[in-house]
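Enquirer: Sharing a structure here in structure tokens format.
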Amino acid sequence: MIEPLAAVIVNSVLPRTSARRTSALKFAITSMGKHDRKRLPEDFFTPHPRPWKGKERARDPITFECTACTNSLADPNMGVRCAARHSLWCPRRKGVFVSSEITTRRLRIAGTGTVPRSIRRHSSSSAAQEHSLQGHTLETTSSPSQVCQDSVTANLSGTTDIRSLLHPSAPFDPNTAWTLYSELVKNGAYDPFTPGERLLFIEKLVNALEPALNERTGISALHKWGLRLHSMMHGRNVCVSDILSEDFRKLCLSARICALMGNFTDAVQIAREGWKRNLTDAKQAYLVDVYRTLLIMAHLREGSTAALSLVVEEWNILGPYIGSYHNAFIGTSLEAKSESFRHTARKIIAEVSNGATLLSSRWKHNERDLTRTGELLLLSYIPEGSLEEAYAVMVEMHSLRLPVPISYQTTLIRRLAKTNSFVLANEIFSFMPPSNYKPYLSVGLYLYARQGNITRAEEFFNNLRRQECLSPTDRAMLMHAYAVSGRVETVTDLFREFFPEEGEEKPTIFHYTTIIFAFAQRGDFEGLNFWLKAMMDAGHPPDAHVYSIILESFASRGDVDTVASVLDQMRAANIQPSRVHYTTVIKFLAQKRDPASAEAIYKRALREGIAPDRIMITALMNAHVEAGSWPGVVRIFDYLKASRYRRIPLTIEVYNTLLKAYVMIGTPFHTVSVLFRKLQMTGARPDAYTYALVIQSACDAGLMNVASDLFAEMEDKVGKWQPGRGIEVYVLTIIMAGHLRLGHKLQAKAVYDDMIARGIQPTSVTFSQILQAYGNQGSADSLRIAEDFLRGIVEADHQRQVWATPRSIQSALEELHSPLMTVYSKQRDPKAVERLFEAMLEAGGEPTLLSLTILLDAYRRTDDIAAVHGVWQQIWELALRLSRVDELFKGDDDAPTDPLSRQSNLLCLPLSIYIDALSATGHHSAVPEVWLKARSQGFSFDSHNWNHLAVALVRAAELDRAFAVVERVILPYQRESQTVASTRDRFPESPLTFDTAPPDVDRPAAESPLHRQERRVAAVRLTTKKSRHNMDMDGDPEDFAHPLHILHQILPSWNVWRPHHIILELLASVLRHLQGGRVIQPVGVSSQQSAGSDGVVSRAKMASDTLQRIYDDYPSTVRAVLLHERVLSRRNAINRADDGWR
């Protein structure tokens, strides 16, 4: 299926190239070097040069011409003459001289000093420095006296050195520049600068000292620098009123210097004075820089909330620059400056934690300031992706009855809908009053189309059509509403209606993408390929979004080769996989229960420069949940909670994944309920999936009344905001299955009838629970009714597009047929199992590990070893294909190519069945062969495999090895699981588990999560009995992962890593035989031992030696066997007690 797709894509997409940019700035700054000088007195760095009034004029240091450089570059003495005048930077040669090029004409200066190391060596932001250095030309000319002084000081190379630093392209280090200036002022009775040069020098210092956004520069060091520059510009004892009368450039610099010192009151006062002047665009740009410095310093000193308050207070000035979604200065000379300021302000304000709470705490403020605060938070949260924070702010504004621009509402609704946060999006949409306004109708269509709500989407589409304001995007969204449900026929009909062959309007890539998405939802890969080719024939090569749809579609099939092929085609088309594509691959590996490979893909994304988001990390967390890798789940949750990145909040999706782990491991309902009720403390709002998990836990505990109450609560709190069809059928199926398990047939029938009355189409999972209930009765009549029911489901709907949702058709067919296949297998009826297996294949299903394992078990129970061998070979080949992920890592040197570096538990169940079948039929030599073969391919073994291996070794009369398995594998892991680690790394630097503990095939496989209801119910019953509410969070109430951290360590010792009763009873029988002088014979081997006295004595001697060796070498196993015998004897004694006492 992938070959035509590959050919189409590879042949139709032209390659694109990318340019590689380098920067010479870092090299130039490094070339300046550092001065190695002794420490000077503290007051040395506060020079007090002669007063100046700014009236004098001097030659512009930017434009002067070096006569030593005007000669030919071939002049051998040119470098010497140039070095004599420019010992640091030559504007003619545009280079930095090294020390060997500098002549000895520089005067020796006594007294040296150092600069605090806390001040960084860097230039200011590109936007600010570009304006101050390139957008400015000095308006001074040299007076006769100044020219005379220049001629005198020209002999001082230090003067020309420091003036050369003023050149726009000269590298500038504030520490080096200040040291040089201080030495000159201290040792000379003159000022090396003209007034204009001095101002430019101070400006370059301020630009270099201003911290970059989020740079944690030392506040005390910046304060000290501010004092120096303030004294250099104004001298001592200068009040603000004196500064307010200065010229505009000095005014702006003074405000920025005050900000460096932390004197925001004076800085704001000075900036306001500057805004009163007659401003040109160039002067406005200076003031924008001033407020940018104010914001950065307020953020650095007092936090993002203080910066937000500053913007609100200065709204009359800053409003035009930040108060809307669009830059009002686009196309003007202020575009770059305003965009830089908007970016800085929004980055800072987006760091405000819990903006809704902040808004609520200011309810006493006037409405105007509250509205501006809310709008600023929305303008910052939404572009930064903090959509939950933006939602909370908008809800708070609605409760305070503050006006919210419709553009803010529609933008947030679209962003939430795009991330499938429909509960939040629907609530925000309800705040908007219904109207025929185009933005309202379009966003309503977009919202309901994304949810697949066809009725509501058509309603908004028809309103738009009546208003005659349909856009191509609106048409694509109506198609999308049908595509979500996989209704490809309707989607293609709409496409032809909107874009007839003879029509003038042509479809865009969005319309073709919608059709491709529809076929992907259906799982129709032939149709997908057809429309992909049609799209490319129309001149629309696939973009990253089209590839993401294709990738998700092929990932649902579980085929590694096709997924890897799509990624290869993307790279061949110069479209690098994005965060979305890698997240899809991680989800694909989660389905395979392969967290090690999922982590390897995550690391590859990091190496390619992709910044992971919450969705990507949560997908990795779910990969650990699906594989039962509980330490990985805890580690990722701790990483997210301790994350320093504002873009990775702990949302309800993260908590849902953690709750899923609790349900899958079999946590007591009381613990799950406590966690659920504490969610409100986190600010995360439970959604329908949250309720579904808690309802599942209640049903597993047999608390059906509680489950019904939770469902009613779910409908009341989230039902009106969340699209209900998908989640409702899921929850009602859970409740129905709980009643069926308990034998409550009437209640189960009532739930099913309620489902039908609500207009909900049952899925394959629903029907599977009903079939399992029929099958568990075990009678011939119930099985006949079940088969008729199954046949009616499959044959009534040939397209299977309804009940197969949301699973693929193959998975749905397996879901339907496996319950009855399991029942017939337990009844030792392989013919019936074969019949159902063939029916599944004829209906369009495929052989799966589950269906083949059921067939293998049926043959084992009837000792059909030939059929067992045949099915096992199919299972082996399928497991190899499903576990192979090498194709995903082609071209990656760090790929996990060694099978032993992976950990897969795919073969655990069928391997136990196969070993049991081999040993029971006397094929003892095949057992170690298949065991070693599985290990060599990276398959791990769980406790059940080791117990079955011990049984197989006893059947083979390999007694020492059987006891060794219990002694050296099973019992040590049981003791290890009984030791609970009291602490864990609550602040991991990485979410990756296998970096610190690489997977090892010799370690036991992670126990599979309890997807099967009966296993989950048994685990809940056991943990409830053992824990007695000891799993509750008695320490940190916010540590939601603590119960899982404890439970995953002690649960294996309760019901997993222990010798099974059957092996203990078998080993006890072995000990009794040996004590009686009898030798254990292999199963299936006829005894040819001599019946004479010598033979009896020999066998008795062998039995005695074996018994003594077992006692000596395996004492723990013998102790466990004897303890089990004692417990069993006591239990039998109680059972034989007098009936009158029972």
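Chain labels follow the order of the structure tokens: the first chain is A, the next B, and so on; residue numbering restarts at 1 in every chain, and ligands are counted from 1 in their shown order.
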Extract, using only C-alpha atoms, all DNA, RNA and protein residues at most 7 Å from Ser943 in chain A, discarding same-chain residues fewer than 3 positions from it, and format them as a list in words.

Expert: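 That gives Trp946, Asn947, Ile970, Val1056 and Trp1057 of chain A.
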
Enquirer: Residues near Lys717 in chain A, anyone? I mean within 12 Å using only C-alpha atoms, not counting same-chain ones fewer than 5 positions away, as an NGL selection string.

Expert: :A and (423 or 427 or 685-688 or 690-691 or 710-712 or 722)

Enquirer: Selected residues, N, CA and C atoms, written as a PDB file, in the first residue's frame, please.

Expert:
ATOM      1  N   VAL A 423     -13.998  20.826  25.801  1.00  0.00           N
ATOM      2  CA  VAL A 423     -14.737  21.250  26.984  1.00  0.00           C
ATOM      3  C   VAL A 423     -14.532  22.741  27.224  1.00  0.00           C
ATOM      4  N   GLU A 427     -17.247  26.037  26.390  1.00  0.00           N
ATOM      5  CA  GLU A 427     -17.674  26.975  27.433  1.00  0.00           C
ATOM      6  C   GLU A 427     -17.388  28.421  27.020  1.00  0.00           C
ATOM      7  N   ARG A 685      -9.144  21.022  35.625  1.00  0.00           N
ATOM      8  CA  ARG A 685     -10.578  20.742  35.620  1.00  0.00           C
ATOM      9  C   ARG A 685     -10.840  19.346  35.073  1.00  0.00           C
ATOM     10  N   PRO A 686     -11.444  18.448  35.879  1.00  0.00           N
ATOM     11  CA  PRO A 686     -11.723  17.091  35.388  1.00  0.00           C
ATOM     12  C   PRO A 686     -12.619  17.118  34.160  1.00  0.00           C
ATOM     13  N   ASP A 687     -12.292  16.302  33.184  1.00  0.00           N
ATOM     14  CA  ASP A 687     -13.124  16.179  31.997  1.00  0.00           C
ATOM     15  C   ASP A 687     -13.810  14.812  32.007  1.00  0.00           C
ATOM     16  N   ALA A 688     -14.504  14.515  30.930  1.00  0.00           N
ATOM     17  CA  ALA A 688     -15.254  13.262  30.873  1.00  0.00           C
ATOM     18  C   ALA A 688     -14.338  12.049  30.964  1.00  0.00           C
ATOM     19  N   THR A 690     -11.593  11.874  32.683  1.00  0.00           N
ATOM     20  CA  THR A 690     -11.260  11.732  34.099  1.00  0.00           C
ATOM     21  C   THR A 690     -12.337  10.952  34.820  1.00  0.00           C
ATOM     22  N   TYR A 691     -13.607  11.343  34.589  1.00  0.00           N
ATOM     23  CA  TYR A 691     -14.715  10.641  35.222  1.00  0.00           C
ATOM     24  C   TYR A 691     -14.769   9.188  34.766  1.00  0.00           C
ATOM     25  N   LEU A 710     -21.332   8.825  39.989  1.00  0.00           N
ATOM     26  CA  LEU A 710     -20.261   9.536  39.284  1.00  0.00           C
ATOM     27  C   LEU A 710     -20.675   9.869  37.860  1.00  0.00           C
ATOM     28  N   PHE A 711     -21.402   8.970  37.214  1.00  0.00           N
ATOM     29  CA  PHE A 711     -21.867   9.245  35.858  1.00  0.00           C
ATOM     30  C   PHE A 711     -22.845  10.418  35.849  1.00  0.00           C
ATOM     31  N   ALA A 712     -23.730  10.464  36.847  1.00  0.00           N
ATOM     32  CA  ALA A 712     -24.663  11.591  36.939  1.00  0.00           C
ATOM     33  C   ALA A 712     -23.912  12.893  37.186  1.00  0.00           C
ATOM     34  N   GLN A 722     -18.780  19.100  26.805  1.00  0.00           N
ATOM     35  CA  GLN A 722     -17.941  18.124  26.093  1.00  0.00           C
ATOM     36  C   GLN A 722     -18.787  17.322  25.123  1.00  0.00           C
TER      37      GLN A 722
END

Enquirer: To test your reading of the structure, identify every residue in range 493-679 of chain A that backbone DSSP assigns to alpha helix (DSSP H), and report it as a PyMOL selection string.

Expert: chain A and resi 493-498+509-522+525-537+544-555+560-572+579-591+595-607+614-627+630-641+652-665+669-677+679

Enquirer: If I take CA of Asn462 in chain A and CA of Tyr408 in chain A, how far is one from the other in Å, to one decimal?

Expert: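 Those two atoms sit 24.6 Å apart.
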
Enquirer: Could you tell me which of A:Ala476, A:Leu841, A:Leu260, A:Ala306 comes closest to Val352 in chain A if we count only C-alpha atoms?

Expert: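 When distances to Val352 in chain A are compared using only C-alpha atoms, the smallest one comes from A:Ala306.
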
Enquirer: Just checking: using only C-alpha atoms, which residue out of A:Ala285, A:Ile317, A:Ile348, A:Asn436 ends up closest to Ala212 in chain A?

Expert: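 Once distances to Ala212 in chain A are computed over only C-alpha atoms, the minimum belongs to A:Ile348.
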
Enquirer: I'd like the interatomic distance between CA of Asn945 in chain A and CA of Trp630 in chain A, to a tenth of an Å.

Expert: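 If I compute the distance from CA of Asn945 in chain A to CA of Trp630 in chain A, I get 20.3 Å.
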
Enquirer: To one decimal place, how far is CA of Ser643 in chain A from CA of Val311 in chain A in Å?

Expert: 27.8 Å

Enquirer: Contacts of range 1079-1082 of chain A at 10 Å or less, counting only C-alpha atoms, minus same-chain residues fewer than 5 places along, as a list in words?

Expert: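 Answer for this query is Ser919, Ala920, Gly922, His924, Ala952, Leu953, Val954, Arg955, Ala956, Ala957, Glu958, Leu959, Val1070, Leu1071, His1073, Leu1074, Ser1087, Val1096, Ser1098, Arg1099, Ala1100, Lys1101, Met1102, Ala1103, Ser1104 and Thr1106 of chain A.
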
Enquirer: Quick one: residues within 12 Å of Asp613 in chain A, only C-alpha atoms, excluding same-chain residues fewer than 3 positions away - as a ChimeraX atom specification?

Expert: /A:384-386,578-580,582-583,602,605-606,610,616-620,640,643,645-651,654

Enquirer: Go ahead and save the picked residues with N, CA and C atoms, as a compact mmCIF listing (two decimals), in the first residue's frame.

Expert:
# COMPACT_ATOMS: atom_id res chain seq x y z
N GLU A 384 1.68 32.29 23.46
CA GLU A 384 2.69 31.43 24.08
C GLU A 384 2.19 30.01 24.31
N GLY A 385 0.93 29.73 23.94
CA GLY A 385 0.40 28.38 24.06
C GLY A 385 -0.12 28.03 25.44
N SER A 386 -0.22 29.00 26.35
CA SER A 386 -0.77 28.74 27.69
C SER A 386 -2.29 28.86 27.61
N SER A 578 8.33 17.17 12.50
CA SER A 578 8.13 18.16 13.56
C SER A 578 7.75 17.47 14.86
N ARG A 579 7.46 18.28 15.84
CA ARG A 579 7.03 17.76 17.14
C ARG A 579 5.76 16.92 16.99
N VAL A 580 4.86 17.34 16.11
CA VAL A 580 3.61 16.60 15.90
C VAL A 580 3.90 15.21 15.35
N TYR A 582 6.72 13.41 15.53
CA TYR A 582 7.40 12.56 16.51
C TYR A 582 6.44 12.13 17.63
N THR A 583 5.49 12.99 17.97
CA THR A 583 4.49 12.60 18.97
C THR A 583 3.66 11.45 18.44
N TYR A 602 12.14 10.03 21.30
CA TYR A 602 12.12 11.31 22.01
C TYR A 602 13.50 11.96 22.00
N ALA A 605 14.34 13.36 18.59
CA ALA A 605 13.68 14.65 18.38
C ALA A 605 14.45 15.77 19.06
N LEU A 606 14.96 15.51 20.26
CA LEU A 606 15.75 16.52 20.96
C LEU A 606 17.03 16.84 20.18
N ILE A 610 14.11 19.85 18.33
CA ILE A 610 12.68 19.99 18.61
C ILE A 610 12.48 20.17 20.11
N MET A 616 3.64 15.96 23.74
CA MET A 616 4.70 15.01 23.42
C MET A 616 5.17 14.26 24.67
N ILE A 617 5.36 14.99 25.76
CA ILE A 617 5.85 14.35 26.99
C ILE A 617 4.76 13.46 27.59
N THR A 618 3.51 13.89 27.49
CA THR A 618 2.41 13.06 27.99
C THR A 618 2.28 11.78 27.18
N ALA A 619 2.52 11.86 25.88
CA ALA A 619 2.51 10.65 25.05
C ALA A 619 3.61 9.69 25.49
N LEU A 620 4.78 10.22 25.84
CA LEU A 620 5.85 9.37 26.36
C LEU A 620 5.46 8.76 27.69
N LEU A 640 7.48 16.74 34.92
CA LEU A 640 6.53 17.77 34.50
C LEU A 640 6.19 18.70 35.66
N SER A 643 9.06 21.00 36.30
CA SER A 643 9.58 21.64 35.10
C SER A 643 9.70 23.14 35.28
N TYR A 645 9.90 25.09 32.75
CA TYR A 645 9.39 25.69 31.53
C TYR A 645 7.91 26.00 31.68
N ARG A 646 7.53 27.23 31.43
CA ARG A 646 6.14 27.62 31.56
C ARG A 646 5.25 26.97 30.51
N ARG A 647 5.85 26.46 29.46
CA ARG A 647 5.03 25.91 28.38
C ARG A 647 4.63 24.47 28.64
N ILE A 648 5.02 23.91 29.74
CA ILE A 648 4.67 22.53 30.04
C ILE A 648 3.92 22.50 31.36
N PRO A 649 2.68 22.94 31.37
CA PRO A 649 1.91 22.94 32.62
C PRO A 649 1.34 21.56 32.91
N LEU A 650 0.96 21.35 34.16
CA LEU A 650 0.30 20.11 34.55
C LEU A 650 -1.20 20.25 34.26
N THR A 651 -1.59 19.85 33.08
CA THR A 651 -2.98 19.96 32.67
C THR A 651 -3.74 18.69 33.03
N VAL A 654 -2.38 15.40 31.70
CA VAL A 654 -1.31 14.76 32.46
C VAL A 654 -1.88 13.98 33.63

Enquirer: I want to know what sits within 8 Å of Met394 in chain A, based on only C-alpha atoms, with residues of the same chain fewer than 6 positions away left out; could you give that as a count of residues only?

Expert: 5
